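Listing of entry32.cif, mmCIF, C-alpha atoms and all ligand atoms
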data_data
#
loop_
_atom_site.label_atom_id
_atom_site.label_comp_id
_atom_site.auth_asym_id
_atom_site.auth_seq_id
_atom_site.Cartn_x
_atom_site.Cartn_y
_atom_site.Cartn_z
CA MET U 1 0.00 0.00 0.00
CA ASN U 2 1.31 3.41 -0.97
CA LEU U 3 -0.92 6.32 0.01
CA THR U 4 -0.57 9.93 -1.02
CA ASN U 5 -1.44 12.34 1.76
CA SER U 6 -1.03 9.44 4.25
CA PHE U 7 -4.76 9.11 4.87
CA GLN U 8 -5.51 6.18 7.17
CA ALA U 9 -9.31 6.15 6.78
CA VAL U 10 -12.06 7.93 4.82
CA ILE U 11 -15.43 9.24 6.04
CA PHE U 12 -18.25 9.93 3.59
CA ASP U 13 -21.35 12.06 3.87
CA LEU U 14 -24.38 10.16 2.52
CA ASP U 15 -27.04 12.41 0.91
CA GLY U 16 -25.60 14.27 -2.08
CA THR U 17 -22.15 12.70 -1.75
CA LEU U 18 -22.53 8.92 -2.04
CA MET U 19 -26.21 8.74 -2.98
CA ASP U 20 -28.77 10.75 -4.89
CA THR U 21 -31.67 10.59 -2.45
CA VAL U 22 -33.61 13.76 -3.19
CA GLY U 23 -36.33 12.11 -5.32
CA GLU U 24 -37.60 10.03 -2.41
CA ILE U 25 -37.30 12.90 0.05
CA HIS U 26 -39.27 15.16 -2.31
CA ALA U 27 -41.97 12.50 -2.79
CA ALA U 28 -42.38 11.89 0.95
CA LEU U 29 -42.57 15.60 1.69
CA ALA U 30 -45.13 16.08 -1.10
CA LEU U 31 -47.39 13.35 0.38
CA ALA U 32 -47.13 14.88 3.86
CA PHE U 33 -47.91 18.37 2.51
CA VAL U 34 -50.94 17.12 0.49
CA GLU U 35 -52.38 15.79 3.78
CA LEU U 36 -51.71 19.14 5.42
CA ARG U 37 -53.08 21.12 2.43
CA ILE U 38 -49.76 22.87 1.97
CA ALA U 39 -48.43 23.59 -1.55
CA GLU U 40 -45.77 21.17 -2.86
CA VAL U 41 -42.12 22.19 -2.58
CA PRO U 42 -40.30 21.73 -5.93
CA PRO U 43 -37.50 19.11 -6.07
CA THR U 44 -34.78 21.72 -6.63
CA VAL U 45 -35.84 23.51 -3.46
CA VAL U 46 -36.05 20.25 -1.49
CA GLU U 47 -32.46 19.58 -2.61
CA SER U 48 -31.37 22.86 -0.99
CA LEU U 49 -33.03 21.83 2.31
CA VAL U 50 -31.22 18.48 2.73
CA GLY U 51 -28.21 18.13 5.00
CA ARG U 52 -29.29 19.22 8.47
CA GLY U 53 -31.56 16.33 9.36
CA VAL U 54 -35.26 15.58 8.97
CA ARG U 55 -36.64 18.13 11.42
CA SER U 56 -34.71 20.99 9.87
CA LEU U 57 -35.80 19.91 6.38
CA VAL U 58 -39.50 19.92 7.31
CA GLU U 59 -39.19 23.12 9.34
CA ARG U 60 -37.57 25.02 6.46
CA ALA U 61 -40.09 23.57 3.97
CA LEU U 62 -43.01 24.80 6.13
CA GLU U 63 -41.39 28.19 6.45
CA ARG U 64 -40.86 28.48 2.69
CA GLN U 65 -44.53 27.72 2.03
CA GLY U 66 -45.65 30.26 4.62
CA ALA U 67 -47.17 27.53 6.83
CA SER U 68 -47.28 27.79 10.62
CA ARG U 69 -44.44 26.28 12.62
CA ASP U 70 -47.02 25.10 15.18
CA GLY U 71 -47.67 22.00 13.07
CA LEU U 72 -43.99 21.03 12.93
CA ASP U 73 -44.16 17.88 15.07
CA ASP U 74 -47.14 16.59 13.10
CA ALA U 75 -45.49 17.43 9.77
CA VAL U 76 -42.25 15.67 10.79
CA HIS U 77 -44.26 12.61 11.85
CA ARG U 78 -46.14 12.53 8.52
CA PHE U 79 -42.92 12.99 6.52
CA GLU U 80 -41.20 10.16 8.41
CA HIS U 81 -44.20 7.89 7.87
CA HIS U 82 -44.11 8.40 4.10
CA TYR U 83 -40.33 8.39 3.89
CA ALA U 84 -40.18 5.03 5.70
CA ALA U 85 -42.21 3.56 2.81
CA LEU U 86 -40.29 5.33 0.05
CA VAL U 87 -36.69 5.29 1.27
CA ALA U 88 -34.36 3.04 -0.71
CA THR U 89 -36.82 2.56 -3.57
CA LYS U 90 -35.42 5.03 -6.11
CA ALA U 91 -32.20 6.36 -4.56
CA VAL U 92 -29.02 5.54 -6.46
CA LEU U 93 -25.30 5.84 -5.92
CA PHE U 94 -23.77 8.76 -7.82
CA PRO U 95 -21.59 7.85 -10.82
CA GLY U 96 -18.13 6.85 -9.61
CA ALA U 97 -19.18 6.21 -6.01
CA LEU U 98 -19.10 2.41 -6.16
CA ASP U 99 -15.84 2.34 -8.13
CA GLY U 100 -14.25 4.73 -5.65
CA LEU U 101 -15.40 2.77 -2.61
CA ARG U 102 -14.07 -0.45 -4.13
CA ILE U 103 -10.66 1.12 -4.85
CA LEU U 104 -10.37 2.31 -1.24
CA ARG U 105 -11.67 -0.94 0.25
CA ASP U 106 -9.26 -3.00 -1.86
CA GLU U 107 -6.47 -0.79 -0.51
CA GLY U 108 -7.52 -1.79 3.02
CA LEU U 109 -8.62 1.65 4.17
CA PRO U 110 -11.39 1.67 6.81
CA LEU U 111 -14.44 3.52 5.45
CA ALA U 112 -17.28 5.26 7.31
CA VAL U 113 -20.54 7.07 6.66
CA VAL U 114 -21.42 10.08 8.81
CA THR U 115 -24.88 11.48 8.08
CA ASN U 116 -27.44 13.67 9.81
CA LYS U 117 -30.10 11.27 8.49
CA PRO U 118 -31.77 8.98 11.08
CA ARG U 119 -30.21 5.50 11.36
CA GLN U 120 -33.19 3.44 10.17
CA PHE U 121 -33.22 5.30 6.84
CA THR U 122 -29.44 5.34 6.56
CA VAL U 123 -29.15 1.58 6.99
CA LYS U 124 -31.86 0.93 4.40
CA LEU U 125 -30.09 3.13 1.86
CA LEU U 126 -26.69 1.53 2.43
CA GLU U 127 -28.21 -1.95 2.11
CA HIS U 128 -30.16 -0.93 -1.00
CA ALA U 129 -26.94 0.32 -2.61
CA GLY U 130 -25.05 -2.81 -1.53
CA ILE U 131 -22.38 -0.85 0.32
CA ASP U 132 -23.35 -1.54 3.96
CA SER U 133 -20.74 -4.28 4.35
CA MET U 134 -18.00 -1.92 3.14
CA MET U 135 -18.46 0.41 6.11
CA ALA U 136 -16.37 -0.02 9.25
CA SER U 137 -18.46 2.67 10.95
CA VAL U 138 -21.85 4.32 10.40
CA VAL U 139 -22.75 7.34 12.52
CA ALA U 140 -26.33 8.59 12.06
CA GLY U 141 -28.30 11.67 13.03
CA ASP U 142 -30.29 10.09 15.85
CA ASP U 143 -27.37 8.31 17.52
CA GLY U 144 -27.40 10.85 20.35
CA ILE U 145 -24.20 12.54 19.18
CA THR U 146 -24.23 16.27 18.40
CA ARG U 147 -24.84 16.47 14.65
CA LYS U 148 -22.83 18.10 11.87
CA PRO U 149 -21.73 20.94 11.62
CA ALA U 150 -20.26 19.99 15.03
CA GLY U 151 -17.26 17.68 14.78
CA ASP U 152 -18.52 15.08 17.27
CA MET U 153 -19.96 12.58 14.77
CA LEU U 154 -16.72 12.57 12.77
CA LEU U 155 -14.68 12.07 15.93
CA ALA U 156 -16.94 9.13 16.87
CA ALA U 157 -16.29 7.55 13.46
CA CYS U 158 -12.54 8.15 13.84
CA ARG U 159 -12.62 6.42 17.24
CA GLN U 160 -14.55 3.45 15.84
CA MET U 161 -12.05 3.11 13.00
CA GLY U 162 -9.03 3.65 15.25
CA SER U 163 -7.84 6.46 12.99
CA PRO U 164 -6.53 9.86 14.19
CA ALA U 165 -8.70 12.76 12.95
CA ALA U 166 -5.78 14.47 11.23
CA ALA U 167 -5.22 11.34 9.12
CA THR U 168 -8.91 10.74 8.38
CA LEU U 169 -10.25 12.33 5.19
CA MET U 170 -13.85 13.59 5.15
CA ILE U 171 -15.55 13.70 1.74
CA GLY U 172 -18.78 15.72 1.62
CA ASP U 173 -20.88 18.04 -0.48
CA SER U 174 -21.77 21.05 1.69
CA ALA U 175 -20.53 23.76 4.03
CA ASN U 176 -22.07 21.67 6.82
CA ASP U 177 -19.61 18.87 6.06
CA VAL U 178 -16.67 21.27 5.76
CA LEU U 179 -17.48 22.88 9.12
CA ALA U 180 -17.81 19.46 10.77
CA ALA U 181 -14.47 18.34 9.37
CA ARG U 182 -12.75 21.54 10.49
CA ALA U 183 -14.26 21.17 13.99
CA ALA U 184 -13.00 17.57 14.19
CA GLY U 185 -9.58 18.38 12.74
CA CYS U 186 -10.09 16.20 9.65
CA PRO U 187 -8.90 17.19 6.17
CA VAL U 188 -11.92 17.64 3.86
CA TRP U 189 -12.58 17.24 0.14
CA CYS U 190 -15.89 18.01 -1.59
CA VAL U 191 -17.74 16.74 -4.64
CA PRO U 192 -19.41 19.43 -6.79
CA TYR U 193 -22.66 17.58 -7.70
CA GLY U 194 -24.37 17.31 -4.31
CA TYR U 195 -26.75 19.24 -2.12
CA THR U 196 -25.02 22.47 -1.17
CA GLU U 197 -27.93 24.36 0.43
CA GLY U 198 -27.81 26.69 -2.57
CA GLN U 199 -24.10 27.47 -2.28
CA ARG U 200 -21.87 27.30 -5.39
CA PRO U 201 -19.59 24.24 -4.90
CA GLU U 202 -16.45 26.15 -5.90
CA THR U 203 -17.02 28.49 -2.94
CA LEU U 204 -16.90 25.64 -0.39
CA ALA U 205 -13.91 26.10 1.92
CA CYS U 206 -12.65 22.55 1.43
CA ASP U 207 -9.08 21.43 0.83
CA ARG U 208 -9.87 20.06 -2.61
CA LEU U 209 -12.82 19.75 -5.01
CA VAL U 210 -12.99 16.31 -6.70
CA ALA U 211 -15.29 15.49 -9.63
CA THR U 212 -16.31 12.06 -8.31
CA ILE U 213 -15.60 9.61 -5.50
CA ALA U 214 -13.66 7.54 -8.06
CA GLU U 215 -11.39 10.52 -8.75
CA ALA U 216 -10.94 11.03 -5.01
CA ALA U 217 -10.02 7.36 -4.56
CA ARG U 218 -7.45 7.51 -7.34
CA LEU U 219 -5.87 10.58 -5.73
CA ILE U 220 -5.81 8.91 -2.29
CA VAL U 221 -4.29 5.70 -3.56
CA ARG U 222 -1.18 6.13 -5.63
CA ASP U 223 -0.47 3.40 -8.18
O1 LIG E 301 -30.23 16.00 6.18
C1 LIG E 301 -30.18 14.76 6.22
O2 LIG E 301 -31.15 14.06 6.62
C2 LIG E 301 -28.93 14.01 5.83
O3 LIG E 301 -27.96 14.79 5.24
P1 LIG E 301 -26.41 14.30 5.08
O4 LIG E 301 -26.42 12.85 4.64
O5 LIG E 301 -25.94 15.24 3.98
O6 LIG E 301 -25.76 14.51 6.41
#
As structure tokens, the full file:
Amino acid sequence: MNLTNSFQAVIFDLDGTLMDTVGEIHAALALAFVELRIAEVPPTVVESLVGRGVRSLVERALERQGASRDGLDDAVHRFEHHYAALVATKAVLFPGALDGLRILRDEGLPLAVVTNKPRQFTVKLLEHAGIDSMMASVVAGDDGITRKPAGDMLLAACRQMGSPAAATLMIGDSANDVLAARAAGCPVWCVPYGYTEGQRPETLACDRLVATIAEAARLIVRD
């Protein structure tokens, strides 16, 4: 094994980095909002609301549609109900993600997923994509650890993988991921195709922008 940058492990964000999940999230939110007689939020807007967990997604969607925040608990409950039925039905890995994961796994690097998404949905998505067995650690949004943009979830993954933060690369798609990596002391690279909460990817304060996970893997592992 001959690694550039001497990374000992790699942590991935899930939504917008490894997997394109917005279709299912949009559909579940649309069903919840039909029940509540609230206008549908377009997919491109839903995409800009992903990354800070379910409650924040629903809260910001209600706000955008001018609906009262008083119904937040009910709206979250309805969204989760529909999402439980829809999750891992249409979501796909982004191009290059599987190839990149395989390159890193074959190199013997421990891999992790750190997502603000609740665990039950996270596990279903990883199983659906066939990448659950590749992960040495999965840290999810309802694990009781302070969520991204705090660094705690990344530090938990580092501990589980036995890898020092400074030698553990975070790969994400948003400022939320960059802030979490900085807080944990992890180097951070970003992909440009994900869910950036409306921010232009080239303005993300990451150490490097990589086109795909496959490109990242090839940079991490020197032939
Ligand atoms: O907001 C979510 O539910 C998950 O987002 P993340 O996978 O980008 O952390």
List as a ChimeraX atom specification the protein and nucleic acid residues lying within 8 Å of ligand LIG 301 (chain E), with only C-alpha atoms and all ligand atoms counted. /U:13-17,49-54,56-57,114-118,141,148,172-174,177,195
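CA of Pro201 in chain U is positioned 26.9 Å from CA of Arg105 in chain U.
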Pick from U:Ile25, U:Ala181, U:Met170, U:Ala214 nearest to Ala85 in chain U, counting all atoms listed in the file: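 Going through U:Ile25, U:Ala181, U:Met170, U:Ala214 one by one, the smallest distance to Ala85 in chain U is for U:Ile25.
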Pick the closest to Ser68 in chain U from U:Met135, U:Gly23, U:Ile38, U:Thr44: which is it, counting all atoms listed in the file?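 Smallest separation from Ser68 in chain U among the options: U:Ile38.
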For Ala180 in chain U, which residue among U:Leu36, U:Pro43, U:Ile11, U:Arg102 is the nearest when counting all atoms listed in the file?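 So, comparing all the options, the nearest one is U:Ile11.
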In terms of all atoms listed in the file, the residue from U:Leu109, U:Val45, U:Val76, U:Met153 at minimal distance from His26 in chain U is U:Val45
One number please: CA of Ser133 in chain U to CA of Val92 in chain U, in Å, one decimal. 16.8 Å
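The two atoms in question, CA of Glu35 in chain U and CA of Glu197 in chain U, are spaced 26.1 Å apart.
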Out of U:Thr212, U:Thr196, U:Thr21, U:Asn176, which residue has the shortest atom-to-atom distance to Leu86 in chain U when counting only C-alpha atoms?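 Checking each candidate against Leu86 in chain U, we get U:Thr21 as the closest.
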Of the candidates U:Met19, U:Val178, U:Val10, U:Ala97, which shows the shortest atom-to-atom distance to Ala136 in chain U, using all atoms listed in the file?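 Nearest to Ala136 in chain U: U:Val10.
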Around (-42.1, 13.1, 11.7) in the file's own coordinates, what residues are found within 12 Å if you use only C-alpha atoms, given back as a VMD selection string? chain U and resid 28 to 29 32 53 to 59 71 to 84 118
I'd like the contact shell of Leu154 in chain U - 12 Å cut-off, all atoms listed in the file, skipping same-chain residues fewer than 2 positions apart - returned as an MDAnalysis selection string. chainID U and resid 9:13 111:116 137:141 145:152 156:161 163:166 168:172 177:188
Please tabulate, as CSV, the residues of range 84-158 of chain U that come within 8 Å of range 218-223 of chain U, each with its closest pair of atoms and the distance in Å to one decimal, counting all atoms listed in the file and ordering rows by chain, then residue number upward.
residue,atom,partner,partner_atom,distance
U:Gly100,CA,U:Arg218,CA,7.5
U:Ile103,CA,U:Arg218,CA,7.6
U:Leu104,CA,U:Val221,CA,7.3
U:Glu107,CA,U:Val221,CA,7.5
Provide range 153-164 of chain U rebuilt to all heavy atoms, formatted as a CSV table (one decimal), in the coordinates of the input.
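What landed in rebuild.csv:
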chain,number,residue,atom,x,y,z
U,153,MET,N,-19.6,13.8,15.5
U,153,MET,CA,-20.0,12.6,14.8
U,153,MET,C,-18.7,12.1,14.0
U,153,MET,O,-18.5,10.9,14.0
U,153,MET,CB,-21.1,12.8,13.8
U,153,MET,CG,-22.4,13.2,14.4
U,153,MET,SD,-23.6,13.6,13.2
U,153,MET,CE,-24.3,12.0,12.8
U,154,LEU,N,-17.9,13.0,13.5
U,154,LEU,CA,-16.7,12.6,12.8
U,154,LEU,C,-15.7,12.0,13.7
U,154,LEU,O,-15.1,11.0,13.4
U,154,LEU,CB,-16.1,13.8,12.0
U,154,LEU,CG,-16.7,14.0,10.6
U,154,LEU,CD1,-18.1,14.6,10.7
U,154,LEU,CD2,-15.8,15.0,9.9
U,155,LEU,N,-15.6,12.6,14.9
U,155,LEU,CA,-14.7,12.1,15.9
U,155,LEU,C,-15.1,10.7,16.4
U,155,LEU,O,-14.3,9.8,16.6
U,155,LEU,CB,-14.6,13.0,17.1
U,155,LEU,CG,-13.9,14.4,16.8
U,155,LEU,CD1,-14.0,15.3,18.0
U,155,LEU,CD2,-12.4,14.1,16.4
U,156,ALA,N,-16.4,10.5,16.5
U,156,ALA,CA,-16.9,9.1,16.9
U,156,ALA,C,-16.6,8.1,15.8
U,156,ALA,O,-16.1,7.0,16.1
U,156,ALA,CB,-18.5,9.2,17.0
U,157,ALA,N,-16.7,8.5,14.5
U,157,ALA,CA,-16.3,7.6,13.5
U,157,ALA,C,-14.8,7.3,13.5
U,157,ALA,O,-14.3,6.1,13.3
U,157,ALA,CB,-16.7,8.1,12.1
U,158,CYS,N,-14.0,8.3,13.7
U,158,CYS,CA,-12.5,8.2,13.8
U,158,CYS,C,-12.2,7.2,15.0
U,158,CYS,O,-11.4,6.3,14.8
U,158,CYS,CB,-11.9,9.5,14.1
U,158,CYS,SG,-11.8,10.6,12.7
U,159,ARG,N,-12.9,7.3,16.1
U,159,ARG,CA,-12.6,6.4,17.2
U,159,ARG,C,-13.0,5.0,16.9
U,159,ARG,O,-12.2,4.1,17.1
U,159,ARG,CB,-13.4,6.8,18.5
U,159,ARG,CG,-12.8,7.9,19.3
U,159,ARG,CD,-13.4,8.0,20.7
U,159,ARG,NE,-14.8,8.4,20.6
U,159,ARG,CZ,-15.3,9.6,20.5
U,159,ARG,NH1,-14.4,10.6,20.4
U,159,ARG,NH2,-16.6,9.9,20.4
U,160,GLN,N,-14.1,4.8,16.2
U,160,GLN,CA,-14.6,3.4,15.8
U,160,GLN,C,-13.6,2.8,14.8
U,160,GLN,O,-13.4,1.6,14.8
U,160,GLN,CB,-16.0,3.5,15.3
U,160,GLN,CG,-17.0,3.6,16.4
U,160,GLN,CD,-18.4,3.9,15.8
U,160,GLN,OE1,-18.7,3.5,14.6
U,160,GLN,NE2,-19.3,4.5,16.6
U,161,MET,N,-13.0,3.6,14.0
U,161,MET,CA,-12.0,3.1,13.0
U,161,MET,C,-10.6,3.1,13.5
U,161,MET,O,-9.7,2.5,12.8
U,161,MET,CB,-12.1,4.0,11.7
U,161,MET,CG,-13.4,3.9,11.0
U,161,MET,SD,-13.4,4.6,9.4
U,161,MET,CE,-13.3,6.4,9.8
U,162,GLY,N,-10.4,3.6,14.7
U,162,GLY,CA,-9.0,3.6,15.2
U,162,GLY,C,-8.1,4.5,14.4
U,162,GLY,O,-6.9,4.2,14.3
U,163,SER,N,-8.6,5.6,13.9
U,163,SER,CA,-7.8,6.5,13.0
U,163,SER,C,-7.8,7.9,13.6
U,163,SER,O,-8.8,8.4,13.9
U,163,SER,CB,-8.5,6.5,11.6
U,163,SER,OG,-7.9,7.4,10.8
U,164,PRO,N,-6.6,8.5,13.7
U,164,PRO,CA,-6.5,9.9,14.2
U,164,PRO,C,-7.3,10.8,13.2
U,164,PRO,O,-7.2,10.6,12.0
U,164,PRO,CB,-5.0,10.2,14.2
U,164,PRO,CG,-4.3,8.9,13.9
U,164,PRO,CD,-5.3,7.9,13.3
